[in-house]
$ cat final_34.cif   # mmCIF, C-alpha atoms
data_coords
loop_
_atom_site.group_PDB
_atom_site.id
_atom_site.type_symbol
_atom_site.label_atom_id
_atom_site.label_comp_id
_atom_site.auth_asym_id
_atom_site.auth_seq_id
_atom_site.Cartn_x
_atom_site.Cartn_y
_atom_site.Cartn_z
ATOM 1 C CA MET A 1 66.594 -0.900 71.736
ATOM 2 C CA SER A 2 69.344 -1.764 69.293
ATOM 3 C CA SER A 3 69.240 -0.866 65.612
ATOM 4 C CA LYS A 4 67.586 -3.678 63.650
ATOM 5 C CA ALA A 5 69.915 -3.892 60.665
ATOM 6 C CA ALA A 6 70.195 -7.666 60.938
ATOM 7 C CA VAL A 7 68.305 -10.648 62.242
ATOM 8 C CA GLY A 8 69.752 -13.915 63.469
ATOM 9 C CA ALA A 9 68.071 -17.231 64.121
ATOM 10 C CA ILE A 10 69.144 -20.522 65.590
ATOM 11 C CA GLU A 11 67.197 -23.765 65.853
ATOM 12 C CA LEU A 12 68.309 -26.345 68.383
ATOM 13 C CA SER A 13 67.362 -29.995 68.757
ATOM 14 C CA SER A 14 67.301 -29.725 72.569
ATOM 15 C CA ILE A 15 64.988 -27.483 74.572
ATOM 16 C CA GLY A 16 67.283 -27.487 77.614
ATOM 17 C CA VAL A 17 70.301 -26.566 75.503
ATOM 18 C CA GLY A 18 68.100 -23.916 73.867
ATOM 19 C CA TYR A 19 67.617 -22.132 77.174
ATOM 20 C CA GLN A 20 71.368 -22.208 77.861
ATOM 21 C CA VAL A 21 72.122 -20.906 74.370
ATOM 22 C CA GLN A 22 69.522 -18.144 74.770
ATOM 23 C CA ASP A 23 71.086 -16.992 78.040
ATOM 24 C CA ASP A 24 74.630 -17.012 76.671
ATOM 25 C CA LEU A 25 73.819 -15.268 73.380
ATOM 26 C CA LEU A 26 71.869 -12.519 75.152
ATOM 27 C CA LYS A 27 74.839 -11.930 77.465
ATOM 28 C CA SER A 28 77.307 -11.880 74.568
ATOM 29 C CA ALA A 29 75.921 -8.971 72.535
ATOM 30 C CA ASN A 30 73.440 -6.097 72.492
ATOM 31 C CA VAL A 31 70.573 -7.777 70.633
ATOM 32 C CA ASP A 32 66.801 -7.660 70.955
ATOM 33 C CA LEU A 33 65.062 -10.974 71.552
ATOM 34 C CA LEU A 34 62.231 -11.337 69.009
ATOM 35 C CA VAL A 35 61.321 -14.999 69.511
ATOM 36 C CA ALA A 36 62.408 -17.645 71.990
ATOM 37 C CA ARG A 37 60.212 -20.723 72.265
ATOM 38 C CA THR A 38 59.844 -24.412 71.875
ATOM 39 C CA ILE A 39 58.744 -25.455 68.417
ATOM 40 C CA CYS A 40 57.491 -28.638 66.838
ATOM 41 C CA ALA A 41 59.512 -31.793 66.877
ATOM 42 C CA GLY A 42 60.914 -30.900 70.312
ATOM 43 C CA LYS A 43 63.184 -28.118 69.065
ATOM 44 C CA TYR A 44 63.912 -24.638 70.416
ATOM 45 C CA LEU A 45 63.950 -21.512 68.238
ATOM 46 C CA ILE A 46 65.670 -18.218 69.058
ATOM 47 C CA ILE A 47 65.460 -15.103 66.856
ATOM 48 C CA VAL A 48 67.309 -11.895 67.669
ATOM 49 C CA ALA A 49 67.762 -8.529 65.962
ATOM 50 C CA GLY A 50 70.392 -5.835 66.194
ATOM 51 C CA THR A 51 73.379 -4.443 64.406
ATOM 52 C CA VAL A 52 75.127 -6.812 62.018
ATOM 53 C CA SER A 53 78.164 -7.169 64.290
ATOM 54 C CA ASP A 54 76.064 -7.773 67.429
ATOM 55 C CA VAL A 55 73.876 -10.372 65.717
ATOM 56 C CA GLU A 56 76.954 -12.130 64.292
ATOM 57 C CA THR A 57 78.569 -12.160 67.760
ATOM 58 C CA ALA A 58 75.387 -13.525 69.349
ATOM 59 C CA LEU A 59 75.035 -16.278 66.728
ATOM 60 C CA ASP A 60 78.723 -17.216 66.950
ATOM 61 C CA THR A 61 78.238 -17.627 70.699
ATOM 62 C CA ALA A 62 75.032 -19.598 70.160
ATOM 63 C CA ARG A 63 76.696 -22.022 67.739
ATOM 64 C CA ALA A 64 79.659 -22.510 70.099
ATOM 65 C CA VAL A 65 77.422 -23.178 73.104
ATOM 66 C CA GLY A 66 74.852 -25.240 71.168
ATOM 67 C CA LYS A 67 77.447 -27.510 69.532
ATOM 68 C CA ASP A 68 75.808 -30.694 68.248
ATOM 69 C CA ALA A 69 72.309 -29.484 69.178
ATOM 70 C CA VAL A 70 72.399 -26.814 66.424
ATOM 71 C CA VAL A 71 69.996 -27.816 63.653
ATOM 72 C CA ASP A 72 70.188 -24.620 61.603
ATOM 73 C CA SER A 73 71.312 -21.031 62.067
ATOM 74 C CA LEU A 74 71.627 -17.900 59.996
ATOM 75 C CA VAL A 75 72.333 -14.200 60.029
ATOM 76 C CA VAL A 76 70.521 -11.995 57.519
ATOM 77 C CA SER A 77 72.186 -8.604 57.121
ATOM 78 C CA ASN A 78 70.199 -5.568 55.996
ATOM 79 C CA ILE A 79 66.932 -7.436 56.386
ATOM 80 C CA HIS A 80 63.908 -5.883 54.719
ATOM 81 C CA PRO A 81 61.816 -4.013 57.324
ATOM 82 C CA ALA A 82 58.639 -5.832 56.226
ATOM 83 C CA VAL A 83 59.988 -9.064 57.724
ATOM 84 C CA PHE A 84 59.759 -7.879 61.358
ATOM 85 C CA PRO A 85 55.972 -7.378 61.510
ATOM 86 C CA ALA A 86 55.493 -10.672 59.671
ATOM 87 C CA ILE A 87 57.646 -12.503 62.250
ATOM 88 C CA THR A 88 55.569 -11.069 65.088
ATOM 89 C CA GLN A 89 52.395 -11.758 63.079
ATOM 90 C CA SER A 90 51.198 -8.186 63.535
ATOM 91 C CA VAL A 91 50.301 -7.448 59.899
ATOM 92 C CA VAL A 92 46.645 -6.623 59.283
ATOM 93 C CA LEU A 93 45.544 -6.294 55.671
ATOM 94 C CA SER A 94 42.960 -3.873 54.366
ATOM 95 C CA PRO A 95 40.607 -5.229 51.693
ATOM 96 C CA GLU A 96 42.335 -2.951 49.142
ATOM 97 C CA GLU A 97 45.692 -4.646 49.781
ATOM 98 C CA ILE A 98 44.441 -8.100 48.865
ATOM 99 C CA GLY A 99 45.613 -9.315 45.491
ATOM 100 C CA ALA A 100 47.198 -12.527 44.335
ATOM 101 C CA LEU A 101 48.271 -14.900 47.116
ATOM 102 C CA GLY A 102 51.800 -16.266 47.173
ATOM 103 C CA ILE A 103 52.952 -19.033 49.518
ATOM 104 C CA VAL A 104 56.422 -20.449 50.100
ATOM 105 C CA GLU A 105 56.763 -23.486 52.389
ATOM 106 C CA THR A 106 60.189 -24.438 53.734
ATOM 107 C CA PHE A 107 61.726 -27.232 55.783
ATOM 108 C CA SER A 108 62.986 -24.878 58.518
ATOM 109 C CA ALA A 109 62.037 -21.660 60.272
ATOM 110 C CA SER A 110 65.368 -20.074 59.385
ATOM 111 C CA SER A 111 64.930 -20.714 55.687
ATOM 112 C CA ALA A 112 61.457 -19.133 55.801
ATOM 113 C CA MET A 113 63.025 -15.934 57.154
ATOM 114 C CA VAL A 114 65.473 -15.917 54.251
ATOM 115 C CA ALA A 115 62.568 -16.464 51.856
ATOM 116 C CA ALA A 116 60.674 -13.512 53.354
ATOM 117 C CA ASP A 117 63.664 -11.194 53.061
ATOM 118 C CA VAL A 118 64.352 -12.205 49.453
ATOM 119 C CA ALA A 119 60.669 -11.944 48.465
ATOM 120 C CA ALA A 120 60.284 -8.484 50.004
ATOM 121 C CA LYS A 121 63.383 -7.260 48.168
ATOM 122 C CA ALA A 122 62.477 -8.890 44.844
ATOM 123 C CA ALA A 123 59.088 -7.304 44.188
ATOM 124 C CA SER A 124 56.402 -4.996 45.510
ATOM 125 C CA VAL A 125 54.511 -7.441 47.737
ATOM 126 C CA THR A 126 53.035 -7.286 51.216
ATOM 127 C CA ILE A 127 54.474 -9.976 53.458
ATOM 128 C CA PHE A 128 51.633 -10.634 55.871
ATOM 129 C CA ARG A 129 52.443 -13.969 57.502
ATOM 130 C CA LEU A 130 55.676 -15.656 58.471
ATOM 131 C CA SER A 131 54.842 -18.750 60.488
ATOM 132 C CA LEU A 132 57.893 -20.297 62.074
ATOM 133 C CA ALA A 133 57.688 -23.962 62.993
ATOM 134 C CA MET A 134 54.745 -23.904 65.438
ATOM 135 C CA ALA A 135 52.158 -26.601 64.726
ATOM 136 C CA MET A 136 53.868 -27.295 61.391
ATOM 137 C CA GLY A 137 56.378 -30.028 62.147
ATOM 138 C CA GLY A 138 59.218 -27.520 62.312
ATOM 139 C CA LYS A 139 58.549 -26.040 58.863
ATOM 140 C CA GLY A 140 58.334 -22.390 57.853
ATOM 141 C CA LEU A 141 55.514 -20.746 55.928
ATOM 142 C CA LEU A 142 55.631 -17.407 54.123
ATOM 143 C CA MET A 143 52.485 -15.725 52.779
ATOM 144 C CA MET A 144 52.364 -12.579 50.655
ATOM 145 C CA THR A 145 49.958 -10.613 48.489
ATOM 146 C CA GLY A 146 50.222 -8.137 45.629
ATOM 147 C CA SER A 147 49.774 -8.030 41.880
ATOM 148 C CA VAL A 148 50.051 -11.368 40.095
ATOM 149 C CA ALA A 149 53.334 -10.361 38.431
ATOM 150 C CA ASP A 150 54.882 -9.136 41.685
ATOM 151 C CA VAL A 151 53.757 -12.183 43.657
ATOM 152 C CA GLU A 152 55.104 -14.527 40.977
ATOM 153 C CA ALA A 153 58.446 -12.682 40.941
ATOM 154 C CA ALA A 154 58.697 -12.681 44.748
ATOM 155 C CA VAL A 155 57.759 -16.361 45.062
ATOM 156 C CA ASP A 156 60.251 -17.338 42.343
ATOM 157 C CA ALA A 157 63.080 -15.380 43.992
ATOM 158 C CA ALA A 158 62.296 -16.735 47.463
ATOM 159 C CA ALA A 159 62.016 -20.299 46.167
ATOM 160 C CA ALA A 160 65.361 -20.060 44.383
ATOM 161 C CA ALA A 161 67.100 -18.813 47.541
ATOM 162 C CA VAL A 162 65.654 -21.602 49.675
ATOM 163 C CA ALA A 163 66.048 -24.360 47.067
ATOM 164 C CA GLU A 164 69.746 -23.516 46.827
ATOM 165 C CA HIS A 165 70.110 -25.080 50.295
ATOM 166 C CA GLY A 166 67.688 -27.959 49.698
ATOM 167 C CA LEU A 167 65.057 -26.516 52.058
ATOM 168 C CA LEU A 168 62.149 -25.795 49.708
ATOM 169 C CA VAL A 169 58.948 -27.813 50.296
ATOM 170 C CA SER A 170 56.548 -26.074 47.903
ATOM 171 C CA THR A 171 55.370 -22.829 46.340
ATOM 172 C CA THR A 172 51.910 -21.680 45.367
ATOM 173 C CA VAL A 173 50.595 -18.628 43.539
ATOM 174 C CA ILE A 174 46.832 -18.106 43.467
ATOM 175 C CA PRO A 175 46.034 -15.267 41.032
ATOM 176 C CA ARG A 176 42.455 -14.578 42.214
ATOM 177 C CA PRO A 177 42.103 -16.073 45.696
ATOM 178 C CA SER A 178 38.780 -16.332 47.488
ATOM 179 C CA LYS A 179 38.337 -13.602 50.088
ATOM 180 C CA GLU A 180 37.877 -16.328 52.708
ATOM 181 C CA LEU A 181 41.571 -17.219 52.428
ATOM 182 C CA PHE A 182 42.355 -13.837 54.023
ATOM 183 C CA THR A 183 39.711 -13.911 56.779
ATOM 184 C CA ASP A 184 42.306 -14.275 59.580
ATOM 185 C CA TYR A 185 44.381 -11.355 58.283
ATOM 186 C CA ILE A 186 41.830 -8.575 57.706
#
$ encode --input "final_34.cif" --output "structure tokens"
Amino acid sequence: MSSKAAVGAIELSSIGVGYQVQDDLLKSANVDLLVARTICAGKYLIIVAGTVSDVETALDTARAVGKDAVVDSLVVSNIHPAVFPAITQSVVLSPEEIGALGIVETFSASSAMVAADVAAKAASVTIFRLSLAMAMGGKGLLMMTGSVADVEAAVDAAAAAVAEHGLLVSTTVIPRPSKELFTDYI
């Protein structure tokens, strides 16, 4: 398995082209495939991890092969390690970890990954959900918990990074959320 110093994502408007892009990018560099699937609105999402140079090579290949079908793509270098379990939705919270609830909603899966990385680096929060485009009309959704101050700081930083590219839908901070909001994550 390659070193996961970077993550790359590409969203394509064509499912068929998505499969071709996936094949070519995997052949072009030593990357680990994290996600490859159809997503809402008839798009295809591919997420890979590896060294910065391998992820950049894979995404360069993907953009060249995908051409006009590329909706969005990105490479995040030195990604915060908390993003990986959130992408694979493998985070389970203990009752002691539950604090304020922060939510960042974005217009694309790629921008939600950027939001998660920025939030995790901005404050001491637990990123516990990173939903990428499935059953959400192609949007991204980031959920985090921690102290009110940390959640506010993380949400503000993530929102600023996403808004810079016009991809922010909304943000929410709930200081004392009902325990029922975390039922699926405990």
$ resolve_selection --input "final_34.cif" --expression "the PyMOL selection byres ((chain A and resi 12) around 7)" --output "PyMOL selection string"
chain A and resi 10-11+13-14+18+43-45+69-71
$ residues_around --input "final_34.cif" --residues "Leu101 (chain A)" --least-positions-apart "3" --cutoff "7 Å" --atoms "only C-alpha atoms" --output "JSON, numbers by chain"
{"A": [144, 145, 173, 174, 175, 177]}
$ closest_residue --input "final_34.cif" --among "A:Thr126, A:Ala6, A:Ile186, A:Gly50" --to "Ala100 (chain A)" --atoms "only C-alpha atoms"
A:Thr126
$ resolve_selection --input "final_34.cif" --expression "the PyMOL selection byres ((chain A and resi 168) around 10)" --output "list in words"
Val104, Glu105, Thr106, Phe107, Ser108, Ser111, Ala112, Ala115, Lys139, Gly140, Ala158, Ala159, Ala160, Ala161, Val162, Ala163, Glu164, His165, Gly166, Leu167, Val169, Ser170 and Thr171 of chain A
$ closest_residue --input "final_34.cif" --among "A:Met113, A:Leu93, A:Val48, A:Ala58" --to "Leu34 (chain A)" --atoms "only C-alpha atoms"
A:Val48
$ closest_residue --input "final_34.cif" --among "A:Thr51, A:His80, A:Ile15, A:Asp117" --to "Asp32 (chain A)" --atoms "all atoms listed in the file"
A:Thr51
$ atom_distance --input "final_34.cif" --atom1 "CA of Ser73 (chain A)" --atom2 "CA of Leu25 (chain A)"
12.9 Å
$ resolve_selection --input "final_34.cif" --expression "the PyMOL selection byres ((chain A and resi 82) around 9)" --output "compact mmCIF listing (two decimals) with C-alpha atoms, keeping the file's coordinate frame"
# COMPACT_ATOMS: atom_id res chain seq x y z
CA ILE A 79 66.93 -7.44 56.39
CA HIS A 80 63.91 -5.88 54.72
CA PRO A 81 61.82 -4.01 57.32
CA VAL A 83 59.99 -9.06 57.72
CA PHE A 84 59.76 -7.88 61.36
CA PRO A 85 55.97 -7.38 61.51
CA ALA A 86 55.49 -10.67 59.67
CA ALA A 116 60.67 -13.51 53.35
CA ASP A 117 63.66 -11.19 53.06
CA ALA A 120 60.28 -8.48 50.00
CA THR A 126 53.04 -7.29 51.22
CA ILE A 127 54.47 -9.98 53.46
CA PHE A 128 51.63 -10.63 55.87
$ residues_around --input "final_34.cif" --residues "Thr183 (chain A)" --least-positions-apart "4" --cutoff "12 Å" --atoms "all atoms listed in the file" --output "JSON list (two decimals) with C-alpha atoms, in the coordinates of the input"
[["chain", "number", "residue", "atom", "x", "y", "z"],
["A", 92, "VAL", "CA", 46.64, -6.62, 59.28],
["A", 93, "LEU", "CA", 45.54, -6.29, 55.67],
["A", 94, "SER", "CA", 42.96, -3.87, 54.37],
["A", 95, "PRO", "CA", 40.61, -5.23, 51.69],
["A", 98, "ILE", "CA", 44.44, -8.10, 48.86],
["A", 177, "PRO", "CA", 42.10, -16.07, 45.70],
["A", 178, "SER", "CA", 38.78, -16.33, 47.49],
["A", 179, "LYS", "CA", 38.34, -13.60, 50.09]]
$ atom_distance --input "final_34.cif" --atom1 "CA of Val35 (chain A)" --atom2 "CA of Gln20 (chain A)"
14.9 Å
$ atom_distance --input "final_34.cif" --atom1 "CA of Gly99 (chain A)" --atom2 "CA of Val148 (chain A)"
7.3 Å
$ closest_residue --input "final_34.cif" --among "A:Leu132, A:Val114, A:Leu181, A:Val55" --to "Ala36 (chain A)" --atoms "only C-alpha atoms"
A:Leu132
$ closest_residue --input "final_34.cif" --among "A:Val65, A:Ile87, A:Ala149, A:Val76" --to "Gly16 (chain A)" --atoms "all atoms listed in the file"
A:Val65
$ closest_residue --input "final_34.cif" --among "A:Ser147, A:Ser110, A:Asn30, A:Ser131" --to "Ala9 (chain A)" --atoms "all atoms listed in the file"
A:Ser110
$ axis_aligned_box --input "final_34.cif" --around "region 42-60 of chain A" --padding-each-side "5 Å" --output "AutoDock Vina command-line options"
--center_x 69.8 --center_y -17.7 --center_z 66.2 --size_x 27.8 --size_y 36.5 --size_z 18.4
$ decode --input "final_34.cif" --residues "region 110-127 of chain A" --atoms "N, CA and C atoms" --output "PDB file, in the first residue's frame"
ATOM      1  N   SER A 110     -15.815  16.850  -3.950  1.00  0.00           N
ATOM      2  CA  SER A 110     -14.422  17.291  -3.833  1.00  0.00           C
ATOM      3  C   SER A 110     -14.279  18.435  -2.840  1.00  0.00           C
ATOM      4  N   SER A 111     -15.197  19.383  -2.902  1.00  0.00           N
ATOM      5  CA  SER A 111     -15.104  20.515  -1.984  1.00  0.00           C
ATOM      6  C   SER A 111     -15.359  20.095  -0.541  1.00  0.00           C
ATOM      7  N   ALA A 112     -16.143  19.050  -0.323  1.00  0.00           N
ATOM      8  CA  ALA A 112     -16.364  18.545   1.033  1.00  0.00           C
ATOM      9  C   ALA A 112     -15.083  17.935   1.596  1.00  0.00           C
ATOM     10  N   MET A 113     -14.283  17.309   0.742  1.00  0.00           N
ATOM     11  CA  MET A 113     -12.999  16.763   1.197  1.00  0.00           C
ATOM     12  C   MET A 113     -12.056  17.876   1.604  1.00  0.00           C
ATOM     13  N   VAL A 114     -12.047  18.961   0.850  1.00  0.00           N
ATOM     14  CA  VAL A 114     -11.231  20.122   1.210  1.00  0.00           C
ATOM     15  C   VAL A 114     -11.710  20.674   2.550  1.00  0.00           C
ATOM     16  N   ALA A 115     -13.014  20.788   2.716  1.00  0.00           N
ATOM     17  CA  ALA A 115     -13.579  21.297   3.964  1.00  0.00           C
ATOM     18  C   ALA A 115     -13.155  20.434   5.149  1.00  0.00           C
ATOM     19  N   ALA A 116     -13.176  19.115   4.984  1.00  0.00           N
ATOM     20  CA  ALA A 116     -12.789  18.213   6.064  1.00  0.00           C
ATOM     21  C   ALA A 116     -11.323  18.392   6.437  1.00  0.00           C
ATOM     22  N   ASP A 117     -10.471  18.499   5.441  1.00  0.00           N
ATOM     23  CA  ASP A 117      -9.041  18.685   5.698  1.00  0.00           C
ATOM     24  C   ASP A 117      -8.798  20.000   6.427  1.00  0.00           C
ATOM     25  N   VAL A 118      -9.395  21.070   5.963  1.00  0.00           N
ATOM     26  CA  VAL A 118      -9.215  22.386   6.584  1.00  0.00           C
ATOM     27  C   VAL A 118      -9.763  22.386   8.013  1.00  0.00           C
ATOM     28  N   ALA A 119     -10.941  21.805   8.214  1.00  0.00           N
ATOM     29  CA  ALA A 119     -11.549  21.774   9.549  1.00  0.00           C
ATOM     30  C   ALA A 119     -10.675  21.003  10.531  1.00  0.00           C
ATOM     31  N   ALA A 120     -10.176  19.844  10.097  1.00  0.00           N
ATOM     32  CA  ALA A 120      -9.349  19.017  10.981  1.00  0.00           C
ATOM     33  C   ALA A 120      -8.045  19.712  11.354  1.00  0.00           C
ATOM     34  N   LYS A 121      -7.525  20.530  10.450  1.00  0.00           N
ATOM     35  CA  LYS A 121      -6.282  21.254  10.726  1.00  0.00           C
ATOM     36  C   LYS A 121      -6.508  22.544  11.512  1.00  0.00           C
ATOM     37  N   ALA A 122      -7.730  23.069  11.476  1.00  0.00           N
ATOM     38  CA  ALA A 122      -8.011  24.361  12.098  1.00  0.00           C
ATOM     39  C   ALA A 122      -8.275  24.283  13.599  1.00  0.00           C
ATOM     40  N   ALA A 123      -8.807  23.157  14.061  1.00  0.00           N
ATOM     41  CA  ALA A 123      -9.192  23.075  15.471  1.00  0.00           C
ATOM     42  C   ALA A 123      -9.240  21.616  15.918  1.00  0.00           C
ATOM     43  N   SER A 124      -9.356  21.433  17.210  1.00  0.00           N
ATOM     44  CA  SER A 124      -9.410  20.092  17.783  1.00  0.00           C
ATOM     45  C   SER A 124     -10.846  19.564  17.725  1.00  0.00           C
ATOM     46  N   VAL A 125     -11.205  18.996  16.576  1.00  0.00           N
ATOM     47  CA  VAL A 125     -12.533  18.428  16.373  1.00  0.00           C
ATOM     48  C   VAL A 125     -12.390  16.978  15.912  1.00  0.00           C
ATOM     49  N   THR A 126     -13.458  16.232  16.075  1.00  0.00           N
ATOM     50  CA  THR A 126     -13.520  14.871  15.549  1.00  0.00           C
ATOM     51  C   THR A 126     -14.392  14.898  14.312  1.00  0.00           C
ATOM     52  N   ILE A 127     -13.775  14.615  13.172  1.00  0.00           N
ATOM     53  CA  ILE A 127     -14.520  14.511  11.915  1.00  0.00           C
ATOM     54  C   ILE A 127     -15.112  13.109  11.915  1.00  0.00           C
TER      55      ILE A 127
END
